[in-house]
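A quick write-up on the structure given underneath.
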Amino acid sequence: MISRKLCLLGAFAVGKTSLMRRFVKGVFDERYITTLGVKIDTKTVELENQTAKLVIWDIEGADPADRENQLISSRMKAYLAGTDGLLLVADGTRPVTIDTARAIYRWFTAEFPSVPAALLLNKSDLVDEWAAGEGCLDGFDGLLQCFTTSALSGENVERTFLYLAEALTKDENRADGDS
Amino acid sequence: MTDSRNPGDRSEAAELARLRALLLGDEKKRLDRLYQRVTEPEPRTGDVAEVLPGAMNRVADDPVAGPQMERPIVQTIRSAIKRDTESFAEALFPVLGPAIRRAVADALRSLVQRINVAMEHSFTAKGLRWRLEAARSGVPFGQVVMRHTMLYAVQEVFLIQAESGLVLASARREDTLLLDKDAFSAMLTAIQAFIQDSFGAAGGEPLRSAELGDRTLWLINGPRAVLACVIIGSPPHEVREQLMDALETLHSQYGDQFSGAPELVAAEPGVNAILQETLLGETVEPAQDSRRSRSRLIWAGAGLALLLVLTWTAWTAWTDNRLEHRLARLFESEPGYVLTRHDMRDGQFHLAGLRDPLARPPAVLIGETGVDSERVSLGFHPYQSLEAEMIERRLRAALGDATNLELEFDGAGLAVRGALTSAQFAMLENLPGLHPVIRSVDLSQARLSAAEAVEQARAQLSAPPSVAFAASAAGDRIEVAGAAPVGWFAAASERSLPVGGWALDFEPLRQSLGSRLSELERGLEDSVVQFSRGLRMTPDSQTRMESLARDLAELQDLAAGLGVEIEIQLEGYADGVGAAEKNLEIAMSRARAVHSALKDRGINPDLLVLAPGHWEGGAADPQQRKVVVQITREPAR
């Protein structure tokens, strides 16, 4: 069985931890507890051709108020080291979080040019309250896929993780050590 | 030479070129080639590369040029290290580790030496036990002390990709609780990152260990991978060195793969083997316990074996000693043996001394003791024993067939009982003068053998062939039987001397003759000599008179020989015609006539008695003209 590292990154309070809990444990907790540092969990998934163990790093949220060059702290960079895939998470109800995600993505593609990344527009259960509109996905060139998800209802959560898992396990560059 | 010149110049230049070509010829081409070689970088690089190694060697050996060359090289290396410290550190990692550890090991060895010295004078029971263990195992005492103070076990090891925190490979003991090793190693990596980040520039040094209860987590950091070790107890520092060794080996052999896919590293058997080695032999205390119990077992086993061997040896020695003495006693008491030496060597019983050839064979004696004859080594020289039993045995051997003979030797005199041949008699009679010990031989209870005695009796008595001699059924006498002239019988029985110690018993012959006597008596009783008239016998009676006389002669001989008193009564009869007196007279006359006739024929007249018969008168009976013979026995005188 192979194992791959997958990081969740985005602005704080966009639901990264809830998405991970939904995916790994299949539950949702209404309480909000800020993640400091990183939370790590694992899940074994059946992919198209193989079984893989995903080691999911739920990294603390970035502060949208920070300037772009301060958005990614040195600690976040250390957590991201060696990752095989990135799930950028943004809150559809807070457009600023999409901006943060965009900024992170820009930085990420520069630092990890060959690592696949996907965007999750979370809280689809509150889609009526969404402020995000057309053009919100501009500036995500080369992005693998964008999903609307809901940690509360579980919509697209499994699908998103599996999609990225398939993508990163097919990534041949990983074996060459060029991450 | 450029095109800016005028045509006149060009023709002049062409002229010069032609002239040069004419003057220099091939040299020109060579010069061109040299020019090209000097001015173009590629050929020059090739030339320099060709001579550079030789030139460098020469410079290194040159006392002036060498130091001059050193400076720029050192400076270049210094600036390169400053520029790219990481690469150099990574390159030197597999080299520096062992070198440093070797130095540390040397330092530790000297420390162990000091501990050794310090412990030299400790006489605690534990110290002495450890010292004994050191002496037994050949391990320095200090190391034994260290080993006994180590109480730890490396339970689980993870080889973690330094960047991602993914598990490249892992190994664990069977009794280890299952952990989510991926989450564990990822979190560990995150903590590493967190701590390093938290301490900023001062946190450049990575996390090395963490402790929780009796568990210690050791992180051995390499450039591309981290070895995380979960340890129970307090591991000594040298364990970390061993773990570092393992990580260095992993880096040197598989380091290139550490940045790639984890599963490729996990699939390397070599990686897993090295990781496994970091677990084995690390559980010191239990191993020590098992070693100790194994050692105890071994000692107990060895002790038991030794005890068994000692018991067996003692038992064997005791048994052998007993057997040796049994053998010795038997040979010492056995007639015909003189035992001068006996001992037990190399599992063999050795017996030596003298042996009479007539003594019982040694194998028979050994067989009686139950000792394996293969284990007995004999060294006996022949001699002649003067023991009574051996003298008797030797005599019997000399006498030949002497089974029924009884020999009794009292140390000086020999008594012989039983039947002997005349040769044996002769030998025994001559013995006192020849034998070293026998002074006299008593043959009074010995006698000649029956066969020889019979022959001797027959010869001495001049017995006729009709006489039979035979030993009696009881074997105490020789019986004389058969038929013999009564005269021979009388003479022989009269002598009746013992022959060769045998008494002669004539009774059978006497009975035989007695029977003949009785037979004759019966035959002669009432024999009648018939007269025809007067004193004239009838012709038949005259004829019969001869046989009568012969029988009577035999009768009288037998009676005389047997000592039987007999009386032959001749009763005269008459026919009764005439006067009684006349008849009586004639009757007596007839008796006298027979008496006279018998006397003439050799019958002893003393045995003959005349008597008148009794007959009835008054009737003439010619048959009564007769003499009747009556034989009567007198009681023995």
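As shown in the structure tokens, the chain order sets the letters A, B, ...; within each chain, residues go from 1, and ligands are also counted from 1 in the order they appear.
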
**Request:** Could you please write out, as a count of residues only, every residue of chain A that DSSP assigns to alpha helix (DSSP H)?
**Result:** 52

**Message:** For Lys77 (chain A), find every residue with an atom within 12 Å (counting only C-alpha atoms), except residues of its own chain fewer than 6 positions away, and show them as a list in words.
**Reply:**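 The contact residues come out as Cys7, Leu9, Gly37, Val38, Ile59, Glu60, Ala62, Gln70, Leu71, Thr83, Ile104, Trp107, Phe108, Glu111 and Phe112 of chain A; Glu163, Ser164, Ala190, Ala193, Phe194 and Asp197 of chain B.
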
**Nearest residue to Arg625 (chain B) from the set B:Asp320, B:Glu205, B:Glu42, B:Glu571 (distances using only C-alpha atoms)** =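 So, comparing all the options, the nearest one is B:Glu571.
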
**Complete:** Between B:Met244, B:Leu327, B:Val594, B:Ile438, smallest distance to Ser541 (chain B) by only C-alpha atoms belongs to B:Val594

Kindly provide the residues of chain A that approach chain B to within 8 Å, each paired with its closest atom pair and their distance in Å to one decimal, based on only C-alpha atoms, listed by chain and increasing number, as CSV.
```
residue,atom,partner,partner_atom,distance
A:Met1,CA,B:Glu263,CA,7.2
A:Ile2,CA,B:Glu263,CA,5.4
A:Ser3,CA,B:Pro262,CA,7.0
A:Arg4,CA,B:Leu166,CA,7.2
A:Lys5,CA,B:Ser164,CA,6.7
A:Gly37,CA,B:Phe194,CA,7.1
A:Val38,CA,B:Ala190,CA,7.1
A:Lys39,CA,B:Met187,CA,7.8
A:Ile40,CA,B:Ala183,CA,6.2
A:Asp41,CA,B:Ala183,CA,5.8
A:Thr42,CA,B:Ala183,CA,6.1
A:Val55,CA,B:Ala183,CA,6.6
A:Ser74,CA,B:Asp197,CA,6.9
A:Arg75,CA,B:Asp197,CA,5.7
A:Ala78,CA,B:Ala193,CA,5.8
A:Tyr79,CA,B:Ala190,CA,6.1
A:Leu80,CA,B:Ser164,CA,7.4
A:Ala81,CA,B:Glu163,CA,5.1
A:Gly82,CA,B:Ser164,CA,4.0
A:Thr83,CA,B:Ser164,CA,5.7
A:Arg174,CA,B:Gly260,CA,5.8
A:Ala175,CA,B:Gly260,CA,4.5
A:Asp176,CA,B:Gly260,CA,5.4
A:Gly177,CA,B:Gly260,CA,3.9
A:Asp178,CA,B:Gly260,CA,7.5
```

Restricted to C-alpha atoms, what would the selected residues look like written as a PDB file, in the first residue's frame?
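Written file, part-v1.pdb:
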```
ATOM      1  CA  MET A   1       0.000   0.000   0.000  1.00  0.00           C
ATOM      2  CA  ILE A   2       1.274   3.428  -0.899  1.00  0.00           C
ATOM      3  CA  SER A   3       1.015   6.480   1.318  1.00  0.00           C
ATOM      4  CA  ARG A   4       0.750  10.073   0.202  1.00  0.00           C
ATOM      5  CA  LYS A   5       0.815  13.387   1.998  1.00  0.00           C
ATOM      6  CA  GLY A  37      -0.212  24.490  14.085  1.00  0.00           C
ATOM      7  CA  VAL A  38      -1.478  21.422  12.352  1.00  0.00           C
ATOM      8  CA  LYS A  39      -3.874  18.520  12.833  1.00  0.00           C
ATOM      9  CA  ILE A  40      -3.026  15.258  11.195  1.00  0.00           C
ATOM     10  CA  ASP A  41      -5.223  12.329  10.376  1.00  0.00           C
ATOM     11  CA  THR A  42      -5.016   9.371   8.048  1.00  0.00           C
ATOM     12  CA  VAL A  55      -1.894  11.335   5.472  1.00  0.00           C
ATOM     13  CA  SER A  74       7.615  29.719   7.869  1.00  0.00           C
ATOM     14  CA  ARG A  75       5.787  27.142   9.961  1.00  0.00           C
ATOM     15  CA  ALA A  78       7.622  23.529   6.969  1.00  0.00           C
ATOM     16  CA  TYR A  79       4.277  21.711   7.182  1.00  0.00           C
ATOM     17  CA  LEU A  80       3.864  21.797   3.439  1.00  0.00           C
ATOM     18  CA  ALA A  81       7.318  20.362   2.787  1.00  0.00           C
ATOM     19  CA  GLY A  82       7.177  17.186   0.775  1.00  0.00           C
ATOM     20  CA  THR A  83       3.452  17.282   0.182  1.00  0.00           C
ATOM     21  CA  ARG A 174       6.637  11.732  -7.159  1.00  0.00           C
ATOM     22  CA  ALA A 175       8.744   8.682  -7.763  1.00  0.00           C
ATOM     23  CA  ASP A 176      11.563  10.777  -9.113  1.00  0.00           C
ATOM     24  CA  GLY A 177      11.770  12.719  -5.935  1.00  0.00           C
ATOM     25  CA  ASP A 178      11.117  15.996  -7.721  1.00  0.00           C
TER      26      ASP A 178
END
```

**Prompt:** If you measure from CA of Pro539 (chain B) to CA of Trp615 (chain B), what distance in Å do you get, rounded to one decimal?
**Reply:** 23.8 Å

List as a PDB file with C-alpha atoms, in the first residue's frame the protein and nucleic acid residues near region 510-520 of chain B, meaning an atom at most 8 Å away when only C-alpha atoms are counted, but skip any in the same chain fewer than 4 places from it.
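Printed below is out24.pdb as written:
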```pdb
ATOM      1  CA  ALA B 481      31.858-120.225  39.501  1.00  0.00           C
ATOM      2  CA  GLY B 482      31.407-122.560  36.600  1.00  0.00           C
ATOM      3  CA  ALA B 483      32.502-126.191  36.613  1.00  0.00           C
ATOM      4  CA  VAL B 486      36.030-131.289  42.847  1.00  0.00           C
ATOM      5  CA  PHE B 489      37.888-127.029  44.044  1.00  0.00           C
ATOM      6  CA  PHE B 506      34.168-120.148  45.987  1.00  0.00           C
ATOM      7  CA  LEU B 524      21.690-143.497  42.627  1.00  0.00           C
ATOM      8  CA  ASP B 551      28.526-142.617  39.547  1.00  0.00           C
ATOM      9  CA  LEU B 552      29.309-143.732  43.052  1.00  0.00           C
ATOM     10  CA  LEU B 555      29.611-139.193  44.369  1.00  0.00           C
ATOM     11  CA  LEU B 558      32.166-134.839  45.385  1.00  0.00           C
ATOM     12  CA  ALA B 559      31.185-135.687  48.923  1.00  0.00           C
ATOM     13  CA  LEU B 562      32.558-130.788  49.557  1.00  0.00           C
TER      14      LEU B 562
END
```

**Prompt:** Hey, what's within 10 Å of Pro622 (chain B) if we count only C-alpha atoms and toss same-chain stuff fewer than 5 positions away? As JSON, numbers by chain, please?
**Reply:** {"B": [530, 531, 532, 533, 574, 575, 576, 577]}

**Prompt:** Could you pull the residues within 8 Å of Thr97 (chain A), counting only C-alpha atoms, minus those fewer than 2 positions along the same chain, as a ChimeraX atom specification?
**Reply:** /A:10-11,14,64,90-92,94-95,99-101

Would you save the residues from that selection as a PDB file, in the first residue's frame, using N, CA and C atoms?
```
ATOM      1  N   GLY A  10      -5.764  27.120   3.607  1.00  0.00           N
ATOM      2  CA  GLY A  10      -6.723  28.176   3.248  1.00  0.00           C
ATOM      3  C   GLY A  10      -6.816  29.188   4.375  1.00  0.00           C
ATOM      4  N   ALA A  11      -7.712  30.100   4.242  1.00  0.00           N
ATOM      5  CA  ALA A  11      -7.897  31.114   5.311  1.00  0.00           C
ATOM      6  C   ALA A  11      -8.511  30.425   6.516  1.00  0.00           C
ATOM      7  N   VAL A  14     -12.549  28.484   7.259  1.00  0.00           N
ATOM      8  CA  VAL A  14     -13.228  28.129   5.999  1.00  0.00           C
ATOM      9  C   VAL A  14     -13.768  26.690   6.064  1.00  0.00           C
ATOM     10  N   PRO A  64      -6.424  36.334   6.246  1.00  0.00           N
ATOM     11  CA  PRO A  64      -6.618  37.108   5.014  1.00  0.00           C
ATOM     12  C   PRO A  64      -6.141  38.549   5.156  1.00  0.00           C
ATOM     13  N   ALA A  90     -11.690  27.393   0.488  1.00  0.00           N
ATOM     14  CA  ALA A  90     -12.202  28.771   0.658  1.00  0.00           C
ATOM     15  C   ALA A  90     -13.666  28.703   1.083  1.00  0.00           C
ATOM     16  N   ASP A  91     -14.120  29.729   1.713  1.00  0.00           N
ATOM     17  CA  ASP A  91     -15.509  29.770   2.202  1.00  0.00           C
ATOM     18  C   ASP A  91     -16.324  30.581   1.180  1.00  0.00           C
ATOM     19  N   GLY A  92     -17.302  29.914   0.570  1.00  0.00           N
ATOM     20  CA  GLY A  92     -18.083  30.575  -0.470  1.00  0.00           C
ATOM     21  C   GLY A  92     -18.823  31.804   0.037  1.00  0.00           C
ATOM     22  N   ARG A  94     -17.563  33.894   2.108  1.00  0.00           N
ATOM     23  CA  ARG A  94     -16.608  34.975   2.394  1.00  0.00           C
ATOM     24  C   ARG A  94     -15.645  35.095   1.225  1.00  0.00           C
ATOM     25  N   PRO A  95     -15.906  35.987   0.318  1.00  0.00           N
ATOM     26  CA  PRO A  95     -15.058  36.096  -0.883  1.00  0.00           C
ATOM     27  C   PRO A  95     -13.593  36.356  -0.562  1.00  0.00           C
ATOM     28  N   ASP A  99      -9.783  35.070  -2.186  1.00  0.00           N
ATOM     29  CA  ASP A  99      -8.593  35.865  -2.499  1.00  0.00           C
ATOM     30  C   ASP A  99      -7.376  35.272  -1.803  1.00  0.00           C
ATOM     31  N   THR A 100      -7.591  34.937  -0.546  1.00  0.00           N
ATOM     32  CA  THR A 100      -6.484  34.322   0.216  1.00  0.00           C
ATOM     33  C   THR A 100      -6.038  33.031  -0.475  1.00  0.00           C
ATOM     34  N   ALA A 101      -7.013  32.245  -0.871  1.00  0.00           N
ATOM     35  CA  ALA A 101      -6.696  30.979  -1.539  1.00  0.00           C
ATOM     36  C   ALA A 101      -5.913  31.247  -2.818  1.00  0.00           C
TER      37      ALA A 101
END
```

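Here CA of Glu46 (chain A) and CA of Asp125 (chain A) stand 27.1 Å from one another.
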
**Request:** Extract, using only C-alpha atoms, all DNA, RNA and protein residues at most 10 Å from region 502-505 of chain B, discarding same-chain residues fewer than 5 positions from it, and format them as a VMD selection string.
**Result:** chain B and resid 419 446 to 450 453 to 454 457 469 to 472 475 to 481 492 to 493 495 to 497 510

**Asked** So which bits of region 60-111 of chain A end up strand (DSSP E or B) when you DSSP the backbone, as a list in words?
**Response** Ala62, Gly85, Leu86, Leu87, Leu88, Val89, Ala90 and Asp91 of chain A

**Asked** Between CA of Gln145 (chain A) and CA of Ala165 (chain A), what is the spacing in Å?
**Response**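 Computed distance, CA of Ala165 (chain A) to CA of Gln145 (chain A), equals 12.4 Å.
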
**Asked** Leaving out Asn404 (chain B) and any residue of its chain fewer than 5 positions from it, which residues lie within 10 Å of it when counting only C-alpha atoms, given as a PyMOL selection string?
**Response** chain B and resi 417-420

**Request:** Using only C-alpha atoms, find the one residue out of B:Gln242, B:Gln456, B:Thr249, B:Thr45 that sits nearest to Phe93 (chain B).
**Result:**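 Once distances to Phe93 (chain B) are computed over only C-alpha atoms, the minimum belongs to B:Thr249.
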